[in-house]
Amino acid sequence: MHLTVGLGAVLLFLVTLMFLVGLEASAREVGATLTHYGLLARALVLNVVIVPFIAVLVVLWVGLPPVIAIGILLMAAAPGVPFLPRMAATAKGNLAFAVGLMIVLQVVSFVTTPITLRLILPPDAAARVPVLRAVVTLVAFQLLPLALGMTVQQVSTPLARRIAGPVKALSMLGLLGTIVLFIGPHLDVLAKVAGGGALLSMLLLVVVAWPLGRRLGGADEGIGKTLALGTSLRNVGLCLLIATRDFPETGVATVVGAYFLIQAIANFGYSKYLGRAPRPAVAGAPVAGPR
């Protein structure tokens with residue numbers, strides 16, 4: 001991998017973000033999620049199969065330009081977002097399930113994302129993301145920082161809390177560098193995103209996940225809220241890395257950035273709307289609901 005300043009900014013963002021997730025994770029919460037087999041299976045099918053399938057249908061239906069289509073499909077293929085627990089807290093969802101789902105999706109994406117990209121990207125674009133290289137990337141820049149953060153959290157919770165602030169600052173620095181170096185120079189692509197159905201396509205994919213997540217979450221209102229948000233929010237850090245490494249100078253990273261902004265704004269508003277009702281479960285309580 002040829003390391004440039006821009007790619008370095010993306011790596012800084014992704015690695016510190018995953019490390020921060022590990023620092024804030026709890027093995028108990030992850031374990032509780034894993035024991036609810038039916039709920040977990042529904043969440044995985046929704047995130048790994050249904051969302052990418054809907055994205056393909058939308059891209060074909062609207063007839064988006066290749067660069068925009070690739071950016072949207074990248075996001076659709078990559079489940080798991082590090083800030084799900086914060087969104088779930090705003091929505092008064094089940095926080096234990098939010099942490100568990102976040103970690104499970106991050107780990108599962110290690111296997112599923114490369115395979116999904118090979119299936120849904122156009123053949124010429126899929127060839128630019130070799131499966132083996134994608135797997136190595138996920139292990140090195142996603143799973144290892146996550147595992148290291150969780151190890152620190154397990155060994156010393158006070159230490160994890162002390163270093164979370166500086167790690168978060170580094171992550172924001174990486175995100176800022178990514179925006180300046182990759183999104184700014186491709187404003188022409190950003191202009192295309194604003195028209196031609198691209199913006200509405202992104203918003204549709206964000207919004208359609210909400211009722212699906214609520215439905216498949218079962219009778220537990222807190223779990224339904226969390227699954228709705230967790231499905232709608234996609235892994236921007238991983239997608240930015242793939243976009244900048246495998247699709248340089250194309251504007252794909254700009255499309256990913258635009259998708260990220262749309263999903264963040266829409267889900268923040270949705271989580272505030274959901275949070276108007278009383279919290280259905282105590283924050284941090286074990287996962288409850290149908291198996």
# chains A, B, ... in the order shown; residues from 1 in each chain; ligands from 1
>>> residues_around(residues="segment 220-225 of chain A", least_positions_apart="2", cutoff="6 Å", atoms="only C-alpha atoms", output="PyMOL selection string")
chain A and resi 93-94+213-214+217-218+227-228+280+289
>>> closest_atom_pairs(of="segment 108-156 of chain A", to="segment 43-67 of chain A", cutoff="10 Å", atoms="only C-alpha atoms", output="JSON lines")
{"residue": "A:Val108", "atom": "CA", "partner": "A:Leu44", "partner_atom": "CA", "distance": 8.4}
{"residue": "A:Ser109", "atom": "CA", "partner": "A:Val48", "partner_atom": "CA", "distance": 8.2}
{"residue": "A:Thr112", "atom": "CA", "partner": "A:Val48", "partner_atom": "CA", "distance": 7.0}
{"residue": "A:Thr113", "atom": "CA", "partner": "A:Val48", "partner_atom": "CA", "distance": 8.1}
{"residue": "A:Thr116", "atom": "CA", "partner": "A:Pro52", "partner_atom": "CA", "distance": 7.7}
{"residue": "A:Leu117", "atom": "CA", "partner": "A:Pro52", "partner_atom": "CA", "distance": 9.1}
{"residue": "A:Leu119", "atom": "CA", "partner": "A:Pro52", "partner_atom": "CA", "distance": 9.6}
{"residue": "A:Ile120", "atom": "CA", "partner": "A:Val56", "partner_atom": "CA", "distance": 6.7}
{"residue": "A:Leu121", "atom": "CA", "partner": "A:Val56", "partner_atom": "CA", "distance": 8.6}
{"residue": "A:Pro122", "atom": "CA", "partner": "A:Pro66", "partner_atom": "CA", "distance": 8.6}
{"residue": "A:Ala125", "atom": "CA", "partner": "A:Pro66", "partner_atom": "CA", "distance": 9.1}
>>> closest_residue(among="A:Leu238, A:Leu205, A:Val21, A:Ala9", to="Ala78 of chain A", atoms="only C-alpha atoms")
A:Leu238
>>> closest_residue(among="A:Ser171, A:Thr244, A:Gln142, A:Thr151", to="Leu12 of chain A", atoms="only C-alpha atoms")
A:Ser171
>>> select_by_dssp(residues="segment 72-224 of chain A", states="helix (DSSP H, G or I)", output="PDB file with C-alpha atoms, in the first residue's frame")
ATOM      1  CA  ILE A  72     -23.301   4.150  -2.374  1.00  0.00           C
ATOM      2  CA  LEU A  73     -22.690   0.419  -2.812  1.00  0.00           C
ATOM      3  CA  LEU A  74     -19.534   0.629  -0.689  1.00  0.00           C
ATOM      4  CA  MET A  75     -21.549   2.040   2.200  1.00  0.00           C
ATOM      5  CA  ALA A  76     -24.337  -0.485   1.734  1.00  0.00           C
ATOM      6  CA  ALA A  77     -21.840  -3.365   1.897  1.00  0.00           C
ATOM      7  CA  LEU A  84     -24.275   3.454  17.438  1.00  0.00           C
ATOM      8  CA  PRO A  85     -24.382   3.463  21.280  1.00  0.00           C
ATOM      9  CA  ARG A  86     -24.507   7.278  21.322  1.00  0.00           C
ATOM     10  CA  MET A  87     -27.381   7.324  18.832  1.00  0.00           C
ATOM     11  CA  ALA A  88     -29.157   4.573  20.768  1.00  0.00           C
ATOM     12  CA  ALA A  89     -28.813   6.563  23.988  1.00  0.00           C
ATOM     13  CA  THR A  90     -30.456   9.568  22.330  1.00  0.00           C
ATOM     14  CA  ALA A  91     -33.272   7.322  21.063  1.00  0.00           C
ATOM     15  CA  LEU A  95     -27.720   0.367  25.226  1.00  0.00           C
ATOM     16  CA  ALA A  96     -26.416  -3.101  26.055  1.00  0.00           C
ATOM     17  CA  PHE A  97     -27.719  -4.370  22.723  1.00  0.00           C
ATOM     18  CA  ALA A  98     -26.295  -1.304  20.963  1.00  0.00           C
ATOM     19  CA  VAL A  99     -22.774  -2.067  22.192  1.00  0.00           C
ATOM     20  CA  GLY A 100     -23.096  -5.775  21.438  1.00  0.00           C
ATOM     21  CA  LEU A 101     -24.533  -5.198  17.962  1.00  0.00           C
ATOM     22  CA  MET A 102     -21.844  -2.652  17.159  1.00  0.00           C
ATOM     23  CA  ILE A 103     -19.047  -5.079  18.021  1.00  0.00           C
ATOM     24  CA  VAL A 104     -20.677  -8.074  16.330  1.00  0.00           C
ATOM     25  CA  LEU A 105     -21.223  -6.164  13.080  1.00  0.00           C
ATOM     26  CA  GLN A 106     -17.653  -4.864  13.111  1.00  0.00           C
ATOM     27  CA  VAL A 107     -16.307  -8.407  13.464  1.00  0.00           C
ATOM     28  CA  VAL A 108     -18.726  -9.954  10.965  1.00  0.00           C
ATOM     29  CA  SER A 109     -17.844  -7.316   8.368  1.00  0.00           C
ATOM     30  CA  PHE A 110     -14.337  -8.796   8.387  1.00  0.00           C
ATOM     31  CA  VAL A 111     -15.756 -11.717   6.387  1.00  0.00           C
ATOM     32  CA  THR A 112     -18.850 -10.308   4.724  1.00  0.00           C
ATOM     33  CA  THR A 113     -17.755  -6.934   3.332  1.00  0.00           C
ATOM     34  CA  PRO A 114     -15.162  -8.254   0.831  1.00  0.00           C
ATOM     35  CA  ILE A 115     -17.600 -10.927  -0.361  1.00  0.00           C
ATOM     36  CA  THR A 116     -20.505  -8.488  -0.641  1.00  0.00           C
ATOM     37  CA  LEU A 117     -18.409  -6.036  -2.651  1.00  0.00           C
ATOM     38  CA  ARG A 118     -17.475  -8.767  -5.114  1.00  0.00           C
ATOM     39  CA  LEU A 119     -21.169  -9.551  -5.573  1.00  0.00           C
ATOM     40  CA  ILE A 120     -22.708  -6.081  -5.874  1.00  0.00           C
ATOM     41  CA  PRO A 123     -17.135  -6.275 -12.412  1.00  0.00           C
ATOM     42  CA  ASP A 124     -14.472  -3.701 -13.275  1.00  0.00           C
ATOM     43  CA  ALA A 125     -14.896  -1.970  -9.897  1.00  0.00           C
ATOM     44  CA  ALA A 126     -14.989  -5.268  -7.973  1.00  0.00           C
ATOM     45  CA  VAL A 131     -10.855 -10.137  -1.489  1.00  0.00           C
ATOM     46  CA  LEU A 132      -7.563 -11.110   0.152  1.00  0.00           C
ATOM     47  CA  ARG A 133      -6.331  -7.528   0.326  1.00  0.00           C
ATOM     48  CA  ALA A 134      -9.686  -6.394   1.690  1.00  0.00           C
ATOM     49  CA  VAL A 135      -9.532  -9.062   4.418  1.00  0.00           C
ATOM     50  CA  VAL A 136      -5.988  -8.044   5.366  1.00  0.00           C
ATOM     51  CA  THR A 137      -7.118  -4.418   5.515  1.00  0.00           C
ATOM     52  CA  LEU A 138     -10.013  -5.280   7.807  1.00  0.00           C
ATOM     53  CA  VAL A 139      -7.812  -7.274  10.151  1.00  0.00           C
ATOM     54  CA  ALA A 140      -5.029  -4.699  10.319  1.00  0.00           C
ATOM     55  CA  PHE A 141      -7.046  -1.493  10.547  1.00  0.00           C
ATOM     56  CA  GLN A 142     -10.322  -2.615  12.079  1.00  0.00           C
ATOM     57  CA  LEU A 143     -10.131  -5.819  14.122  1.00  0.00           C
ATOM     58  CA  LEU A 144      -6.698  -5.353  15.690  1.00  0.00           C
ATOM     59  CA  PRO A 145      -7.352  -1.805  16.999  1.00  0.00           C
ATOM     60  CA  LEU A 146     -10.759  -2.992  18.238  1.00  0.00           C
ATOM     61  CA  ALA A 147      -9.221  -5.977  20.042  1.00  0.00           C
ATOM     62  CA  LEU A 148      -6.480  -3.803  21.539  1.00  0.00           C
ATOM     63  CA  GLY A 149      -9.012  -1.297  22.853  1.00  0.00           C
ATOM     64  CA  MET A 150     -11.156  -4.038  24.382  1.00  0.00           C
ATOM     65  CA  THR A 151      -8.058  -5.534  26.017  1.00  0.00           C
ATOM     66  CA  VAL A 152      -7.176  -2.201  27.610  1.00  0.00           C
ATOM     67  CA  GLN A 153     -10.762  -1.814  28.803  1.00  0.00           C
ATOM     68  CA  GLN A 154     -10.739  -5.280  30.375  1.00  0.00           C
ATOM     69  CA  VAL A 155      -7.355  -4.841  32.044  1.00  0.00           C
ATOM     70  CA  THR A 157     -11.197   0.546  33.022  1.00  0.00           C
ATOM     71  CA  PRO A 158      -9.757   3.738  34.606  1.00  0.00           C
ATOM     72  CA  LEU A 159      -6.905   3.723  32.053  1.00  0.00           C
ATOM     73  CA  ALA A 160      -9.398   3.241  29.223  1.00  0.00           C
ATOM     74  CA  ARG A 161     -11.369   6.250  30.431  1.00  0.00           C
ATOM     75  CA  ARG A 162      -8.240   8.427  30.734  1.00  0.00           C
ATOM     76  CA  ILE A 163      -6.985   7.782  27.223  1.00  0.00           C
ATOM     77  CA  ALA A 164     -10.419   7.875  25.522  1.00  0.00           C
ATOM     78  CA  GLY A 165     -10.323  11.682  25.276  1.00  0.00           C
ATOM     79  CA  PRO A 166      -6.965  11.961  23.451  1.00  0.00           C
ATOM     80  CA  VAL A 167      -7.873   9.042  21.175  1.00  0.00           C
ATOM     81  CA  LYS A 168     -11.139  10.758  20.276  1.00  0.00           C
ATOM     82  CA  ALA A 169      -9.246  13.956  19.464  1.00  0.00           C
ATOM     83  CA  LEU A 170      -6.894  12.055  17.145  1.00  0.00           C
ATOM     84  CA  SER A 171      -9.871  10.454  15.443  1.00  0.00           C
ATOM     85  CA  MET A 172     -11.459  13.853  14.802  1.00  0.00           C
ATOM     86  CA  LEU A 173      -8.128  15.091  13.423  1.00  0.00           C
ATOM     87  CA  GLY A 174      -8.061  12.176  10.996  1.00  0.00           C
ATOM     88  CA  LEU A 175     -11.649  12.867   9.916  1.00  0.00           C
ATOM     89  CA  LEU A 176     -10.888  16.546   9.371  1.00  0.00           C
ATOM     90  CA  GLY A 177      -7.817  15.673   7.317  1.00  0.00           C
ATOM     91  CA  THR A 178      -9.868  13.264   5.228  1.00  0.00           C
ATOM     92  CA  ILE A 179     -12.490  15.900   4.494  1.00  0.00           C
ATOM     93  CA  VAL A 180      -9.916  18.519   3.505  1.00  0.00           C
ATOM     94  CA  LEU A 181      -7.761  16.207   1.382  1.00  0.00           C
ATOM     95  CA  PHE A 182     -10.386  14.056  -0.331  1.00  0.00           C
ATOM     96  CA  ILE A 183     -13.755  15.748  -0.281  1.00  0.00           C
ATOM     97  CA  GLY A 184     -12.678  19.326  -0.959  1.00  0.00           C
ATOM     98  CA  PRO A 185     -10.834  18.613  -4.248  1.00  0.00           C
ATOM     99  CA  HIS A 186     -13.842  16.793  -5.705  1.00  0.00           C
ATOM    100  CA  LEU A 187     -16.573  19.396  -5.343  1.00  0.00           C
ATOM    101  CA  ASP A 188     -17.709  18.589  -8.893  1.00  0.00           C
ATOM    102  CA  VAL A 189     -18.651  15.106  -7.700  1.00  0.00           C
ATOM    103  CA  LEU A 190     -20.383  16.639  -4.692  1.00  0.00           C
ATOM    104  CA  ALA A 191     -22.426  18.789  -7.071  1.00  0.00           C
ATOM    105  CA  LYS A 192     -23.508  15.647  -8.933  1.00  0.00           C
ATOM    106  CA  VAL A 193     -24.523  14.052  -5.634  1.00  0.00           C
ATOM    107  CA  ALA A 198     -28.169  10.653  -5.936  1.00  0.00           C
ATOM    108  CA  LEU A 199     -29.113  12.548  -2.789  1.00  0.00           C
ATOM    109  CA  LEU A 200     -32.578  11.020  -2.707  1.00  0.00           C
ATOM    110  CA  SER A 201     -31.114   7.547  -3.302  1.00  0.00           C
ATOM    111  CA  MET A 202     -28.850   7.896  -0.260  1.00  0.00           C
ATOM    112  CA  LEU A 203     -31.688   9.235   1.869  1.00  0.00           C
ATOM    113  CA  LEU A 204     -33.970   6.418   0.749  1.00  0.00           C
ATOM    114  CA  LEU A 205     -31.433   3.780   1.802  1.00  0.00           C
ATOM    115  CA  VAL A 206     -31.006   5.494   5.155  1.00  0.00           C
ATOM    116  CA  VAL A 207     -34.738   5.791   5.817  1.00  0.00           C
ATOM    117  CA  VAL A 208     -35.864   2.372   4.558  1.00  0.00           C
ATOM    118  CA  ALA A 209     -33.721   0.675   7.213  1.00  0.00           C
ATOM    119  CA  TRP A 210     -35.764   2.220  10.027  1.00  0.00           C
ATOM    120  CA  PRO A 211     -39.034   0.265   9.667  1.00  0.00           C
ATOM    121  CA  LEU A 212     -37.127  -2.893   8.758  1.00  0.00           C
ATOM    122  CA  GLY A 213     -35.043  -2.656  11.925  1.00  0.00           C
ATOM    123  CA  ARG A 214     -38.051  -1.851  14.088  1.00  0.00           C
ATOM    124  CA  ARG A 215     -39.946  -4.806  12.640  1.00  0.00           C
ATOM    125  CA  LEU A 216     -37.152  -7.382  12.873  1.00  0.00           C
ATOM    126  CA  GLU A 221     -39.204  -1.438  21.763  1.00  0.00           C
ATOM    127  CA  GLY A 222     -35.668  -0.642  22.926  1.00  0.00           C
ATOM    128  CA  ILE A 223     -34.135  -3.355  20.756  1.00  0.00           C
ATOM    129  CA  GLY A 224     -36.252  -2.326  17.772  1.00  0.00           C
TER     130      GLY A 224
END
>>> closest_residue(among="A:Pro82, A:Gly237, A:Gly197, A:Gly71", to="Tyr259 of chain A", atoms="only C-alpha atoms")
A:Gly71
>>> closest_residue(among="A:Arg234, A:Arg128, A:Leu11, A:Gly22", to="Leu261 of chain A", atoms="only C-alpha atoms")
A:Arg234
>>> atom_distance(atom1="atom CA of Ala219 of chain A", atom2="atom CA of Glu24 of chain A")
27.7 Å
>>> closest_residue(among="A:Leu229, A:Tyr270, A:Pro79, A:Pro130", to="Asp246 of chain A", atoms="only C-alpha atoms")
A:Pro130
>>> atom_distance(atom1="atom CA of Phe19 of chain A", atom2="atom CA of Thr33 of chain A")
20.5 Å
>>> closest_residue(among="A:Ile242, A:Phe260, A:Gly275, A:Ala266", to="Leu7 of chain A", atoms="only C-alpha atoms")
A:Ile242
>>> decode(residues="segment 144-173 of chain A", atoms="N, CA and C atoms", output="PDB file, in the first residue's frame")
ATOM      1  N   LEU A 144      -7.792  -5.472  14.722  1.00  0.00           N
ATOM      2  CA  LEU A 144      -6.698  -5.353  15.690  1.00  0.00           C
ATOM      3  C   LEU A 144      -6.847  -4.137  16.611  1.00  0.00           C
ATOM      4  N   PRO A 145      -7.123  -2.935  16.085  1.00  0.00           N
ATOM      5  CA  PRO A 145      -7.352  -1.805  16.999  1.00  0.00           C
ATOM      6  C   PRO A 145      -8.538  -2.047  17.932  1.00  0.00           C
ATOM      7  N   LEU A 146      -9.598  -2.679  17.404  1.00  0.00           N
ATOM      8  CA  LEU A 146     -10.759  -2.992  18.238  1.00  0.00           C
ATOM      9  C   LEU A 146     -10.370  -3.942  19.372  1.00  0.00           C
ATOM     10  N   ALA A 147      -9.638  -5.003  19.032  1.00  0.00           N
ATOM     11  CA  ALA A 147      -9.221  -5.977  20.042  1.00  0.00           C
ATOM     12  C   ALA A 147      -8.295  -5.343  21.079  1.00  0.00           C
ATOM     13  N   LEU A 148      -7.399  -4.476  20.615  1.00  0.00           N
ATOM     14  CA  LEU A 148      -6.480  -3.803  21.539  1.00  0.00           C
ATOM     15  C   LEU A 148      -7.243  -2.905  22.509  1.00  0.00           C
ATOM     16  N   GLY A 149      -8.214  -2.163  21.987  1.00  0.00           N
ATOM     17  CA  GLY A 149      -9.012  -1.297  22.853  1.00  0.00           C
ATOM     18  C   GLY A 149      -9.805  -2.092  23.873  1.00  0.00           C
ATOM     19  N   MET A 150     -10.394  -3.211  23.449  1.00  0.00           N
ATOM     20  CA  MET A 150     -11.156  -4.038  24.382  1.00  0.00           C
ATOM     21  C   MET A 150     -10.246  -4.651  25.443  1.00  0.00           C
ATOM     22  N   THR A 151      -9.013  -4.980  25.053  1.00  0.00           N
ATOM     23  CA  THR A 151      -8.058  -5.534  26.017  1.00  0.00           C
ATOM     24  C   THR A 151      -7.722  -4.505  27.084  1.00  0.00           C
ATOM     25  N   VAL A 152      -7.473  -3.271  26.656  1.00  0.00           N
ATOM     26  CA  VAL A 152      -7.176  -2.201  27.610  1.00  0.00           C
ATOM     27  C   VAL A 152      -8.360  -1.995  28.549  1.00  0.00           C
ATOM     28  N   GLN A 153      -9.566  -2.022  27.992  1.00  0.00           N
ATOM     29  CA  GLN A 153     -10.762  -1.814  28.803  1.00  0.00           C
ATOM     30  C   GLN A 153     -10.931  -2.914  29.841  1.00  0.00           C
ATOM     31  N   GLN A 154     -10.603  -4.155  29.457  1.00  0.00           N
ATOM     32  CA  GLN A 154     -10.739  -5.280  30.375  1.00  0.00           C
ATOM     33  C   GLN A 154      -9.672  -5.250  31.462  1.00  0.00           C
ATOM     34  N   VAL A 155      -8.463  -4.856  31.091  1.00  0.00           N
ATOM     35  CA  VAL A 155      -7.355  -4.841  32.044  1.00  0.00           C
ATOM     36  C   VAL A 155      -7.488  -3.694  33.034  1.00  0.00           C
ATOM     37  N   SER A 156      -7.833  -2.502  32.531  1.00  0.00           N
ATOM     38  CA  SER A 156      -7.913  -1.331  33.403  1.00  0.00           C
ATOM     39  C   SER A 156      -8.955  -0.350  32.871  1.00  0.00           C
ATOM     40  N   THR A 157     -10.139  -0.383  33.433  1.00  0.00           N
ATOM     41  CA  THR A 157     -11.197   0.546  33.022  1.00  0.00           C
ATOM     42  C   THR A 157     -10.811   2.001  33.268  1.00  0.00           C
ATOM     43  N   PRO A 158     -10.176   2.342  34.400  1.00  0.00           N
ATOM     44  CA  PRO A 158      -9.757   3.738  34.606  1.00  0.00           C
ATOM     45  C   PRO A 158      -8.779   4.215  33.527  1.00  0.00           C
ATOM     46  N   LEU A 159      -7.839   3.348  33.114  1.00  0.00           N
ATOM     47  CA  LEU A 159      -6.905   3.723  32.053  1.00  0.00           C
ATOM     48  C   LEU A 159      -7.653   3.955  30.742  1.00  0.00           C
ATOM     49  N   ALA A 160      -8.611   3.087  30.451  1.00  0.00           N
ATOM     50  CA  ALA A 160      -9.398   3.241  29.223  1.00  0.00           C
ATOM     51  C   ALA A 160     -10.123   4.580  29.209  1.00  0.00           C
ATOM     52  N   ARG A 161     -10.653   4.980  30.355  1.00  0.00           N
ATOM     53  CA  ARG A 161     -11.369   6.250  30.431  1.00  0.00           C
ATOM     54  C   ARG A 161     -10.423   7.438  30.271  1.00  0.00           C
ATOM     55  N   ARG A 162      -9.206   7.311  30.816  1.00  0.00           N
ATOM     56  CA  ARG A 162      -8.240   8.427  30.734  1.00  0.00           C
ATOM     57  C   ARG A 162      -7.767   8.671  29.303  1.00  0.00           C
ATOM     58  N   ILE A 163      -7.547   7.599  28.562  1.00  0.00           N
ATOM     59  CA  ILE A 163      -6.985   7.782  27.223  1.00  0.00           C
ATOM     60  C   ILE A 163      -8.067   7.947  26.150  1.00  0.00           C
ATOM     61  N   ALA A 164      -9.346   7.758  26.521  1.00  0.00           N
ATOM     62  CA  ALA A 164     -10.419   7.875  25.522  1.00  0.00           C
ATOM     63  C   ALA A 164     -10.477   9.279  24.928  1.00  0.00           C
ATOM     64  N   GLY A 165     -10.266  10.296  25.760  1.00  0.00           N
ATOM     65  CA  GLY A 165     -10.323  11.682  25.276  1.00  0.00           C
ATOM     66  C   GLY A 165      -9.280  11.985  24.208  1.00  0.00           C
ATOM     67  N   PRO A 166      -7.980  11.729  24.482  1.00  0.00           N
ATOM     68  CA  PRO A 166      -6.965  11.961  23.451  1.00  0.00           C
ATOM     69  C   PRO A 166      -7.175  11.127  22.192  1.00  0.00           C
ATOM     70  N   VAL A 167      -7.620   9.883  22.352  1.00  0.00           N
ATOM     71  CA  VAL A 167      -7.873   9.042  21.175  1.00  0.00           C
ATOM     72  C   VAL A 167      -9.003   9.629  20.334  1.00  0.00           C
ATOM     73  N   LYS A 168     -10.023  10.138  20.992  1.00  0.00           N
ATOM     74  CA  LYS A 168     -11.139  10.758  20.276  1.00  0.00           C
ATOM     75  C   LYS A 168     -10.676  12.001  19.515  1.00  0.00           C
ATOM     76  N   ALA A 169      -9.778  12.766  20.132  1.00  0.00           N
ATOM     77  CA  ALA A 169      -9.246  13.956  19.464  1.00  0.00           C
ATOM     78  C   ALA A 169      -8.448  13.578  18.217  1.00  0.00           C
ATOM     79  N   LEU A 170      -7.652  12.524  18.308  1.00  0.00           N
ATOM     80  CA  LEU A 170      -6.894  12.055  17.145  1.00  0.00           C
ATOM     81  C   LEU A 170      -7.829  11.582  16.037  1.00  0.00           C
ATOM     82  N   SER A 171      -8.915  10.932  16.425  1.00  0.00           N
ATOM     83  CA  SER A 171      -9.871  10.454  15.443  1.00  0.00           C
ATOM     84  C   SER A 171     -10.518  11.624  14.704  1.00  0.00           C
ATOM     85  N   MET A 172     -10.867  12.676  15.433  1.00  0.00           N
ATOM     86  CA  MET A 172     -11.459  13.853  14.802  1.00  0.00           C
ATOM     87  C   MET A 172     -10.451  14.541  13.885  1.00  0.00           C
ATOM     88  N   LEU A 173      -9.174  14.529  14.276  1.00  0.00           N
ATOM     89  CA  LEU A 173      -8.128  15.091  13.423  1.00  0.00           C
ATOM     90  C   LEU A 173      -8.032  14.318  12.114  1.00  0.00           C
TER      91      LEU A 173
END
